[in-house]
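Asker: Submitted below is the structure of interest, expressed as structure tokens.
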Amino acid sequence: NKKQREILRSPIVCILGHVDTGKTTLLDKLRGTNVQGGEAGGITQQIGATYFPSQNIAVEIEKCNQHYPAELKAPGLLVIDTPGHESFSNLRTRGSSLCDFAILVIDLMHGLEQQTLESLNLLKMRKTPFVIALNKIDRTYDWKTEEFASSYISFKNQSKENKNDFNHRYNQIITQLAENSFNAALYWDNPDPKTYFPIVPTSGVTGEGIPDLLSVVIKYTSMYMKSRMVVKQDAFNCTVMEVKKIDGLGVTIDAILVDGTIRQDDKIVLLGFNGPIKTKIRALLTPYPMKEIRVKAEYEHHNFIHASMGIKISAPDLEEAVAGSQLYLANTNDEEQTAIDLVMSD
Ligand code: GTP
Ligand code: MG
Ligand code: NA
């Protein structure tokens, strides 16, 4: 039975937005980590990747079941964190080029900023569907917190004064979005989901709105990705993110496996500063689920990995690997020649 052998691919969701809007903090709250606290100056300087298994997501989206039921069919979500600082536009481009769906984070206190506009342009150019996280709702006047609650439910418990403050800021942002030709509306009050982008009020500090954000991501990715949800037997798409020396492993690469399957004994070809690198995987690793790949920690060893996943590869001769390049399989002579041609033309 062909159906039973189909392996579902996890959607890749990229987080974009202006510096310090709270992208990493939102992920930290969901992971139960403090990656942001370990960043120099609190500034993200690399692309990150975290895998969230469906069972962990299910616990959150359950909280929106009454007003916005969503069902997760994929094994999980692969979430890509990007830097918001203006000097990293290459990393935002790289991150967003891999994703099926995006979360654009806007600081409710600041509205649209320079890299918000840059991100909106990237998403428009690539026709990437996205949700807006309107973050830092806990900073509105007189906000009453209920840790990790659905923000739809939290809103019901706020004072009139809070509602006025929120609505004032919200309406300004809706106007700014409209000035840039984007229609958007609160996800629970969306007049036309086909033309209005959904907005989810969130707080990375209290976790409010995280259930709603995940519910919207799950609903929209299953709506947009139906045909792309299966790991294709003959497809392979893998991008190198970082080249890093790790104690005990030597020089390794962090990569995003976007489609296909990679195996522990695969031969691979990728771009090096002095021409193509041909090597053989020594160890195929991932961080543990809900852990950020860019934080050095323990790794899980695998014989094979299906997309989508953030992976770490240990192999000889990776010293000169070029971040941002494609990685190809080269298990046969034909594959190897094709891979070398592709690397040379990339
Ligand atoms: P870059 O990756 O450097 O672009 O920043 P970022 O978007 O990842 O933002 P980050 O998580 O570094 O948060 C920036 C600051 O905002 C930190 O001091 C956070 O504690 C704070 N912050 C983030 N989210 C919230 C929120 O929801 N409420 C409040 N009050 N503060 C927040
Ligand atoms: Mg960050
Ligand atoms: Na930051």
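How things are named: the first chain in the structure tokens is A, the next is B, and so on; residues count from 1 in each chain; ligands count from 1 in the order shown.
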Run DSSP on the backbone and tell me which residues of segment 208-328 of chain A come out as alpha helix (DSSP H); list them as an MDAnalysis selection string.
Answerer: chainID A and resid 210:225
Asker: What's the 9 Å shell around segment 222-235 of chain A, counting only C-alpha atoms, without same-chain residues fewer than 3 positions away, as a list in words?
Answerer: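 Selected residues are Glu6, Ile7, Leu8, Arg9, Ser10, Pro11, Glu71, Leu72, Lys73, Ala74, Asp100, Phe101, Pro129, Val217, Ile218, Lys219, Asp259, Gly260, Thr261, His306, Ala307 and Ser308 of chain A.
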Asker: Write the residues of the selection above to a file with N, CA and C atoms, as a PDB file, in the first residue's frame.
Answerer:
ATOM      1  N   GLU A   6       4.050   6.569   2.746  1.00  0.00           N
ATOM      2  CA  GLU A   6       4.309   8.002   2.618  1.00  0.00           C
ATOM      3  C   GLU A   6       4.793   8.566   3.954  1.00  0.00           C
ATOM      4  N   ILE A   7       5.865   9.322   3.880  1.00  0.00           N
ATOM      5  CA  ILE A   7       6.393   9.954   5.089  1.00  0.00           C
ATOM      6  C   ILE A   7       6.061  11.436   5.004  1.00  0.00           C
ATOM      7  N   LEU A   8       5.392  11.946   6.028  1.00  0.00           N
ATOM      8  CA  LEU A   8       5.015  13.361   6.002  1.00  0.00           C
ATOM      9  C   LEU A   8       6.186  14.241   6.433  1.00  0.00           C
ATOM     10  N   ARG A   9       6.302  15.337   5.717  1.00  0.00           N
ATOM     11  CA  ARG A   9       7.372  16.295   5.974  1.00  0.00           C
ATOM     12  C   ARG A   9       6.839  17.353   6.934  1.00  0.00           C
ATOM     13  N   SER A  10       7.646  17.781   7.886  1.00  0.00           N
ATOM     14  CA  SER A  10       7.220  18.855   8.791  1.00  0.00           C
ATOM     15  C   SER A  10       7.327  20.197   8.075  1.00  0.00           C
ATOM     16  N   PRO A  11       6.339  21.077   8.232  1.00  0.00           N
ATOM     17  CA  PRO A  11       6.453  22.408   7.643  1.00  0.00           C
ATOM     18  C   PRO A  11       7.650  23.165   8.232  1.00  0.00           C
ATOM     19  N   GLU A  71      -5.783  21.078  13.497  1.00  0.00           N
ATOM     20  CA  GLU A  71      -5.292  19.709  13.644  1.00  0.00           C
ATOM     21  C   GLU A  71      -3.942  19.560  12.962  1.00  0.00           C
ATOM     22  N   LEU A  72      -2.982  19.056  13.711  1.00  0.00           N
ATOM     23  CA  LEU A  72      -1.640  18.878  13.177  1.00  0.00           C
ATOM     24  C   LEU A  72      -1.491  17.481  12.582  1.00  0.00           C
ATOM     25  N   LYS A  73      -1.169  17.424  11.282  1.00  0.00           N
ATOM     26  CA  LYS A  73      -1.004  16.118  10.633  1.00  0.00           C
ATOM     27  C   LYS A  73       0.463  15.758  10.469  1.00  0.00           C
ATOM     28  N   ALA A  74       1.321  16.768  10.363  1.00  0.00           N
ATOM     29  CA  ALA A  74       2.749  16.513  10.160  1.00  0.00           C
ATOM     30  C   ALA A  74       3.383  16.037  11.472  1.00  0.00           C
ATOM     31  N   ASP A 100       8.209  27.362   4.326  1.00  0.00           N
ATOM     32  CA  ASP A 100       6.890  27.173   3.736  1.00  0.00           C
ATOM     33  C   ASP A 100       5.940  28.260   4.206  1.00  0.00           C
ATOM     34  N   PHE A 101       6.253  28.820   5.355  1.00  0.00           N
ATOM     35  CA  PHE A 101       5.341  29.742   6.025  1.00  0.00           C
ATOM     36  C   PHE A 101       6.191  30.628   6.931  1.00  0.00           C
ATOM     37  N   PRO A 129       3.181  32.703   2.420  1.00  0.00           N
ATOM     38  CA  PRO A 129       2.096  33.042   3.335  1.00  0.00           C
ATOM     39  C   PRO A 129       2.644  33.275   4.751  1.00  0.00           C
ATOM     40  N   VAL A 217      -0.586  28.854  12.738  1.00  0.00           N
ATOM     41  CA  VAL A 217       0.477  28.266  11.904  1.00  0.00           C
ATOM     42  C   VAL A 217       0.044  26.892  11.399  1.00  0.00           C
ATOM     43  N   ILE A 218      -0.502  26.075  12.298  1.00  0.00           N
ATOM     44  CA  ILE A 218      -0.917  24.723  11.921  1.00  0.00           C
ATOM     45  C   ILE A 218      -2.049  24.771  10.889  1.00  0.00           C
ATOM     46  N   LYS A 219      -3.030  25.635  11.145  1.00  0.00           N
ATOM     47  CA  LYS A 219      -4.173  25.721  10.226  1.00  0.00           C
ATOM     48  C   LYS A 219      -3.725  26.165   8.830  1.00  0.00           C
ATOM     49  N   ASP A 259      14.026  18.851   2.105  1.00  0.00           N
ATOM     50  CA  ASP A 259      13.244  17.753   1.528  1.00  0.00           C
ATOM     51  C   ASP A 259      14.152  16.541   1.354  1.00  0.00           C
ATOM     52  N   GLY A 260      13.552  15.361   1.358  1.00  0.00           N
ATOM     53  CA  GLY A 260      14.305  14.126   1.142  1.00  0.00           C
ATOM     54  C   GLY A 260      14.787  13.490   2.434  1.00  0.00           C
ATOM     55  N   THR A 261      15.692  12.522   2.273  1.00  0.00           N
ATOM     56  CA  THR A 261      16.223  11.743   3.397  1.00  0.00           C
ATOM     57  C   THR A 261      17.743  11.722   3.311  1.00  0.00           C
ATOM     58  N   HIS A 306      14.686  12.146   8.037  1.00  0.00           N
ATOM     59  CA  HIS A 306      13.770  12.651   7.021  1.00  0.00           C
ATOM     60  C   HIS A 306      13.563  14.151   7.204  1.00  0.00           C
ATOM     61  N   ALA A 307      13.286  14.836   6.093  1.00  0.00           N
ATOM     62  CA  ALA A 307      12.955  16.266   6.144  1.00  0.00           C
ATOM     63  C   ALA A 307      11.602  16.440   6.861  1.00  0.00           C
ATOM     64  N   SER A 308      11.362  17.593   7.442  1.00  0.00           N
ATOM     65  CA  SER A 308      12.299  18.706   7.521  1.00  0.00           C
ATOM     66  C   SER A 308      13.024  18.640   8.863  1.00  0.00           C
TER      67      SER A 308
END
Asker: Using only C-alpha atoms and all ligand atoms, which residues of the polymer chains come no farther than 9 Å from ligand 3? I'd like the answer as an mmCIF file with N, CA and C atoms, in the first residue's frame.
Answerer:
data_model
loop_
_atom_site.group_PDB
_atom_site.id
_atom_site.type_symbol
_atom_site.label_atom_id
_atom_site.label_comp_id
_atom_site.auth_asym_id
_atom_site.auth_seq_id
_atom_site.Cartn_x
_atom_site.Cartn_y
_atom_site.Cartn_z
ATOM 1 N N VAL A 19 14.774 44.110 14.659
ATOM 2 C CA VAL A 19 15.586 43.747 15.827
ATOM 3 C C VAL A 19 14.811 44.010 17.131
ATOM 4 N N ASP A 20 14.934 43.064 18.057
ATOM 5 C CA ASP A 20 14.365 43.181 19.412
ATOM 6 C C ASP A 20 12.836 43.216 19.461
ATOM 7 N N THR A 21 12.173 42.722 18.436
ATOM 8 C CA THR A 21 10.707 42.622 18.518
ATOM 9 C C THR A 21 10.300 41.426 19.385
ATOM 10 N N GLY A 22 11.260 40.500 19.650
ATOM 11 C CA GLY A 22 10.983 39.388 20.567
ATOM 12 C C GLY A 22 10.912 38.018 19.910
ATOM 13 N N LYS A 23 11.556 37.867 18.754
ATOM 14 C CA LYS A 23 11.517 36.595 18.019
ATOM 15 C C LYS A 23 12.105 35.442 18.848
ATOM 16 N N THR A 24 13.319 35.653 19.367
ATOM 17 C CA THR A 24 13.994 34.583 20.115
ATOM 18 C C THR A 24 13.299 34.343 21.456
ATOM 19 N N THR A 25 12.810 35.410 22.073
ATOM 20 C CA THR A 25 12.124 35.278 23.370
ATOM 21 C C THR A 25 10.847 34.447 23.229
ATOM 22 N N GLN A 36 18.107 33.524 24.327
ATOM 23 C CA GLN A 36 18.265 34.978 24.163
ATOM 24 C C GLN A 36 19.222 35.534 25.216
ATOM 25 N N GLU A 39 22.908 35.435 24.305
ATOM 26 C CA GLU A 39 23.377 36.114 23.093
ATOM 27 C C GLU A 39 24.154 37.383 23.453
ATOM 28 N N GLY A 41 24.924 40.897 23.747
ATOM 29 C CA GLY A 41 24.103 42.102 23.594
ATOM 30 C C GLY A 41 22.637 41.790 23.314
ATOM 31 N N GLY A 42 22.247 40.537 23.505
ATOM 32 C CA GLY A 42 20.850 40.164 23.250
ATOM 33 C C GLY A 42 20.484 40.228 21.781
ATOM 34 N N ILE A 43 21.505 40.163 20.930
ATOM 35 C CA ILE A 43 21.297 40.281 19.480
ATOM 36 C C ILE A 43 21.541 38.923 18.826
ATOM 37 N N THR A 44 20.595 38.435 18.056
ATOM 38 C CA THR A 44 20.778 37.190 17.311
ATOM 39 C C THR A 44 21.695 37.458 16.125
ATOM 40 N N PRO A 83 18.049 36.691 12.550
ATOM 41 C CA PRO A 83 18.404 37.942 13.216
ATOM 42 C C PRO A 83 17.595 39.102 12.637
ATOM 43 N N GLY A 84 17.254 40.076 13.491
ATOM 44 C CA GLY A 84 16.510 41.241 13.000
ATOM 45 C C GLY A 84 17.405 42.444 12.751
ATOM 46 N N HIS A 85 18.655 42.360 13.230
ATOM 47 C CA HIS A 85 19.562 43.506 13.074
ATOM 48 C C HIS A 85 19.797 43.791 11.592
#
Asker: Pick out the residues sitting within 9 Å of Pro211 of chain A, and hand them over as a list of chain:residue names; count only C-alpha atoms, and ignore anything fewer than 3 positions along from it in its own chain.
Answerer: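 These residues fall inside the cut-off: A:Ile57, A:Val59, A:Glu60, A:Ile61, A:Glu62, A:Lys63, A:Cys64, A:Phe148, A:Ala149, A:Ser150, A:Ser151, A:Gly207, A:Glu208, A:Leu214, A:Ser215, A:Val216.
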Asker: Write out as a PDB file with N, CA and C atoms, in the first residue's frame each polymer residue whose atoms come within 8 Å of segment 249-252 of chain A, counting only C-alpha atoms; drop sequence neighbours fewer than 5 positions from it.
Answerer:
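Result saved to result.pdb:
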ATOM      1  N   VAL A 243      29.217  26.810   9.545  1.00  0.00           N
ATOM      2  CA  VAL A 243      30.361  25.919   9.625  1.00  0.00           C
ATOM      3  C   VAL A 243      30.970  26.156  11.004  1.00  0.00           C
ATOM      4  N   LYS A 244      31.095  25.108  11.813  1.00  0.00           N
ATOM      5  CA  LYS A 244      31.493  25.294  13.224  1.00  0.00           C
ATOM      6  C   LYS A 244      32.427  24.196  13.692  1.00  0.00           C
ATOM      7  N   LYS A 312      23.154  18.427  12.051  1.00  0.00           N
ATOM      8  CA  LYS A 312      24.583  18.703  12.150  1.00  0.00           C
ATOM      9  C   LYS A 312      25.321  17.534  11.522  1.00  0.00           C
ATOM     10  N   ILE A 313      26.274  17.848  10.644  1.00  0.00           N
ATOM     11  CA  ILE A 313      27.048  16.804   9.976  1.00  0.00           C
ATOM     12  C   ILE A 313      28.505  16.927  10.379  1.00  0.00           C
ATOM     13  N   SER A 314      29.050  15.810  10.849  1.00  0.00           N
ATOM     14  CA  SER A 314      30.481  15.741  11.103  1.00  0.00           C
ATOM     15  C   SER A 314      31.085  14.902   9.967  1.00  0.00           C
ATOM     16  N   ALA A 315      32.114  15.439   9.321  1.00  0.00           N
ATOM     17  CA  ALA A 315      32.752  14.752   8.192  1.00  0.00           C
ATOM     18  C   ALA A 315      34.148  15.335   7.998  1.00  0.00           C
ATOM     19  N   PRO A 316      35.056  14.571   7.364  1.00  0.00           N
ATOM     20  CA  PRO A 316      36.382  15.140   7.073  1.00  0.00           C
ATOM     21  C   PRO A 316      36.280  16.285   6.060  1.00  0.00           C
ATOM     22  N   ASP A 317      37.237  17.160   6.070  1.00  0.00           N
ATOM     23  CA  ASP A 317      37.416  18.176   5.017  1.00  0.00           C
ATOM     24  C   ASP A 317      36.323  19.243   4.951  1.00  0.00           C
ATOM     25  N   LEU A 318      35.700  19.576   6.058  1.00  0.00           N
ATOM     26  CA  LEU A 318      34.638  20.600   6.026  1.00  0.00           C
ATOM     27  C   LEU A 318      35.179  22.002   6.345  1.00  0.00           C
ATOM     28  N   GLU A 319      36.500  22.102   6.595  1.00  0.00           N
ATOM     29  CA  GLU A 319      37.078  23.391   7.016  1.00  0.00           C
ATOM     30  C   GLU A 319      36.727  24.531   6.073  1.00  0.00           C
TER      31      GLU A 319
END
Asker: Mind pulling up the distance from atom CA of Lys194 of chain A to atom CA of Lys136 of chain A?
Answerer: 26.7 Å
Asker: Based on DSSP run over this structure's backbone, return all residues of segment 143-203 of chain A in strand (DSSP E or B), as a PyMOL selection string.
Answerer: chain A and resi 184-186+197-202
Asker: Write the residues of the selection above to a file with C-alpha atoms, as a PDB file, in the first residue's frame.
Answerer:
ATOM      1  CA  ALA A 184      -4.603  42.228   8.114  1.00  0.00           C
ATOM      2  CA  ALA A 185      -7.037  41.444  10.928  1.00  0.00           C
ATOM      3  CA  LEU A 186      -7.136  39.655  14.280  1.00  0.00           C
ATOM      4  CA  PHE A 197      -3.311  38.222   6.858  1.00  0.00           C
ATOM      5  CA  PRO A 198      -4.065  36.882  10.351  1.00  0.00           C
ATOM      6  CA  ILE A 199      -2.766  38.769  13.395  1.00  0.00           C
ATOM      7  CA  VAL A 200      -2.086  37.031  16.716  1.00  0.00           C
ATOM      8  CA  PRO A 201      -1.443  39.151  19.827  1.00  0.00           C
ATOM      9  CA  THR A 202       1.408  37.524  21.791  1.00  0.00           C
TER      10      THR A 202
END
Asker: Identify, on the basis of only C-alpha atoms, every residue whose closest approach to Thr175 of chain A does not exceed 12 Å; exclude the query and any residue fewer than 5 positions from it along the same chain; express the result as a PDB file with N, CA and C atoms, in the first residue's frame.
Answerer:
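Heads up, here's the output in part.pdb:
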ATOM      1  N   GLY A 111       5.221  49.450  16.400  1.00  0.00           N
ATOM      2  CA  GLY A 111       4.624  49.411  15.064  1.00  0.00           C
ATOM      3  C   GLY A 111       5.611  48.951  14.006  1.00  0.00           C
ATOM      4  N   LEU A 112       5.354  49.333  12.739  1.00  0.00           N
ATOM      5  CA  LEU A 112       6.219  48.896  11.639  1.00  0.00           C
ATOM      6  C   LEU A 112       7.552  49.641  11.689  1.00  0.00           C
ATOM      7  N   HIS A 168      -6.086  51.285  20.228  1.00  0.00           N
ATOM      8  CA  HIS A 168      -5.425  52.451  19.657  1.00  0.00           C
ATOM      9  C   HIS A 168      -4.143  52.027  18.910  1.00  0.00           C
ATOM     10  N   ARG A 169      -3.319  51.216  19.587  1.00  0.00           N
ATOM     11  CA  ARG A 169      -2.058  50.762  18.973  1.00  0.00           C
ATOM     12  C   ARG A 169      -2.336  49.840  17.779  1.00  0.00           C
ATOM     13  N   TYR A 170      -3.293  48.942  17.979  1.00  0.00           N
ATOM     14  CA  TYR A 170      -3.657  47.991  16.925  1.00  0.00           C
ATOM     15  C   TYR A 170      -4.110  48.733  15.660  1.00  0.00           C
ATOM     16  N   ASN A 180       1.100  49.995   3.239  1.00  0.00           N
ATOM     17  CA  ASN A 180       2.047  49.158   2.481  1.00  0.00           C
ATOM     18  C   ASN A 180       1.329  48.055   1.700  1.00  0.00           C
ATOM     19  N   SER A 181       0.035  48.232   1.488  1.00  0.00           N
ATOM     20  CA  SER A 181      -0.789  47.315   0.677  1.00  0.00           C
ATOM     21  C   SER A 181      -1.000  45.939   1.293  1.00  0.00           C
ATOM     22  N   PHE A 182      -0.953  45.844   2.620  1.00  0.00           N
ATOM     23  CA  PHE A 182      -1.281  44.578   3.269  1.00  0.00           C
ATOM     24  C   PHE A 182      -2.541  44.743   4.113  1.00  0.00           C
ATOM     25  N   ASN A 183      -3.540  43.906   3.838  1.00  0.00           N
ATOM     26  CA  ASN A 183      -4.715  43.850   4.708  1.00  0.00           C
ATOM     27  C   ASN A 183      -4.451  42.824   5.796  1.00  0.00           C
ATOM     28  N   ALA A 184      -4.805  43.173   7.020  1.00  0.00           N
ATOM     29  CA  ALA A 184      -4.603  42.228   8.114  1.00  0.00           C
ATOM     30  C   ALA A 184      -5.700  42.433   9.154  1.00  0.00           C
ATOM     31  N   ALA A 185      -6.000  41.373   9.898  1.00  0.00           N
ATOM     32  CA  ALA A 185      -7.037  41.444  10.928  1.00  0.00           C
ATOM     33  C   ALA A 185      -6.757  40.403  11.998  1.00  0.00           C
TER      34      ALA A 185
END
